[in-house]
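Quick notes on the structure that follows.
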Amino acid sequence: MFKLIGRRLTVALLLFALSACAASCGGGNSAGSPGLSATPEKRPELDLETVKRAINGAWIEDVPAADGQGKPANWRFAYNEPKDIEIVEQKIEGDAATVVVNMKTRSHPRDRRQMSLEGQLRLHMRLETEVFIREWDVVEVENISFKYTMLQPPPSPGPEGSASPAASPSASPSASPTKRDAKG
């Protein structure tokens, strides 16, 4: 019985110490209350690298085709796609920020649909707190002039089901017209 009371007391003291630590570190503050959000020197920097990281996973809907012919497309920014970003304008108000960027990106070379996208976007960002880490996250992406262009699709598979170099006689020294003719 004393062992059980001792464990409960230890857990209670540990929880009390953690909550006291979180309160002194500024944890648990809402965006409107004073604390960590009110001091810019304790806010993580909102620079180019932060924007490149934060946009991963964000969505933009109804991106028009650059030629005006295709249907609007939805786009999710992926970690593995190349991104060229330039910050044009930035406005920070407490734990919220609006960042206007010029961006060029394209689908990963192994993706089924090959697209190139470029133009200007307005990123609505919010400073999020998880345990002891505070970082900027994109909560909404607004299209200013972002458009897509469809690129050439990857080469289609050869008649044997793969685009292997052996499909052409000059690609491999061992491939000769007589051996191929004997198979067919």
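Residue names in the structure tokens use chain letters A, B, ... in the order shown, residue numbers from 1 in each chain, and ligand numbers from 1 in the order shown.
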If you count only C-alpha atoms, which residues fall within 12 Å of A:Ala54, apart from same-chain ones fewer than 2 positions away, as a short mmCIF file (atom, residue, chain, number, x, y, z; two decimals) with N, CA and C atoms, in the first residue's frame?
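New file out-v5.cif:
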```
data_model
loop_
_atom_site.label_atom_id
_atom_site.label_comp_id
_atom_site.auth_asym_id
_atom_site.auth_seq_id
_atom_site.Cartn_x
_atom_site.Cartn_y
_atom_site.Cartn_z
N LEU A 46 11.77 33.72 -39.63
CA LEU A 46 10.99 33.35 -40.81
C LEU A 46 11.82 33.74 -42.03
N ASP A 47 12.74 32.84 -42.41
CA ASP A 47 13.63 33.10 -43.53
C ASP A 47 13.34 32.14 -44.68
N LEU A 48 14.17 32.16 -45.71
CA LEU A 48 13.96 31.36 -46.91
C LEU A 48 13.95 29.86 -46.60
N GLU A 49 14.87 29.40 -45.77
CA GLU A 49 14.91 27.98 -45.42
C GLU A 49 13.67 27.54 -44.67
N THR A 50 13.15 28.41 -43.80
CA THR A 50 11.93 28.11 -43.06
C THR A 50 10.75 27.99 -44.02
N VAL A 51 10.66 28.89 -44.99
CA VAL A 51 9.57 28.84 -45.97
C VAL A 51 9.67 27.57 -46.81
N LYS A 52 10.88 27.19 -47.24
CA LYS A 52 11.07 25.97 -48.04
C LYS A 52 10.63 24.73 -47.27
N ASN A 56 6.21 22.32 -47.57
CA ASN A 56 6.05 20.89 -47.85
C ASN A 56 4.77 20.37 -47.20
N GLY A 57 3.96 19.72 -48.01
CA GLY A 57 2.69 19.18 -47.53
C GLY A 57 1.52 20.12 -47.74
N ALA A 58 1.79 21.40 -48.06
CA ALA A 58 0.70 22.36 -48.28
C ALA A 58 0.06 22.12 -49.65
N TRP A 59 -1.21 22.51 -49.78
CA TRP A 59 -1.99 22.34 -51.01
C TRP A 59 -2.32 23.69 -51.61
N PHE A 77 2.63 20.37 -52.48
CA PHE A 77 4.07 20.57 -52.48
C PHE A 77 4.73 19.41 -51.72
N ALA A 78 5.60 18.68 -52.40
CA ALA A 78 6.23 17.50 -51.83
C ALA A 78 7.67 17.79 -51.42
N TYR A 79 8.16 17.00 -50.49
CA TYR A 79 9.53 17.14 -50.00
C TYR A 79 10.55 16.88 -51.10
N VAL A 99 3.44 35.79 -46.26
CA VAL A 99 4.67 35.85 -47.05
C VAL A 99 4.30 35.70 -48.52
N LEU A 123 1.54 33.03 -48.98
CA LEU A 123 1.49 31.99 -47.95
C LEU A 123 1.01 32.60 -46.65
N HIS A 124 -0.06 32.04 -46.10
CA HIS A 124 -0.55 32.44 -44.79
C HIS A 124 0.04 31.44 -43.80
N MET A 125 0.83 31.93 -42.86
CA MET A 125 1.57 31.06 -41.95
C MET A 125 1.20 31.36 -40.50
N ARG A 126 1.40 30.35 -39.66
CA ARG A 126 1.13 30.49 -38.23
C ARG A 126 2.25 29.80 -37.47
N LEU A 127 2.63 30.41 -36.36
CA LEU A 127 3.65 29.84 -35.49
C LEU A 127 3.00 28.80 -34.60
N GLU A 128 3.38 27.55 -34.76
CA GLU A 128 2.80 26.44 -34.00
C GLU A 128 3.78 25.99 -32.93
N GLU A 135 7.62 26.33 -34.47
CA GLU A 135 8.03 26.48 -35.86
C GLU A 135 6.88 27.00 -36.70
N TRP A 136 7.24 27.65 -37.81
CA TRP A 136 6.25 28.21 -38.71
C TRP A 136 5.68 27.12 -39.60
N ASP A 137 4.35 27.15 -39.78
CA ASP A 137 3.65 26.22 -40.67
C ASP A 137 2.76 27.01 -41.62
N VAL A 138 2.63 26.50 -42.83
CA VAL A 138 1.74 27.11 -43.82
C VAL A 138 0.33 26.60 -43.54
N VAL A 139 -0.61 27.50 -43.35
CA VAL A 139 -2.00 27.11 -43.10
C VAL A 139 -2.88 27.31 -44.32
N GLU A 140 -2.45 28.18 -45.24
CA GLU A 140 -3.22 28.41 -46.47
C GLU A 140 -2.28 28.94 -47.54
N VAL A 141 -2.52 28.51 -48.78
CA VAL A 141 -1.75 28.99 -49.93
C VAL A 141 -2.73 29.68 -50.87
#
```
Give the strand (DSSP E) residues of stretch 57-138 of chain A, as DSSP finds them on the backbone, and put them as a PyMOL selection string. chain A and resi 59-63+73-76+83-93+96-106+115-130+133-138
Quick one: pick out all helix (DSSP H, G or I) residues within stretch 27-139 of chain A from a backbone DSSP run and write them as a ChimeraX atom specification. /A:36-38,40-42,48-54
For A:Gly70, which residue out of A:Lys104, A:Lys91, A:Lys147, A:Arg134 is the nearest one, using only C-alpha atoms?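 Selected residue with least distance to A:Gly70: A:Lys147.
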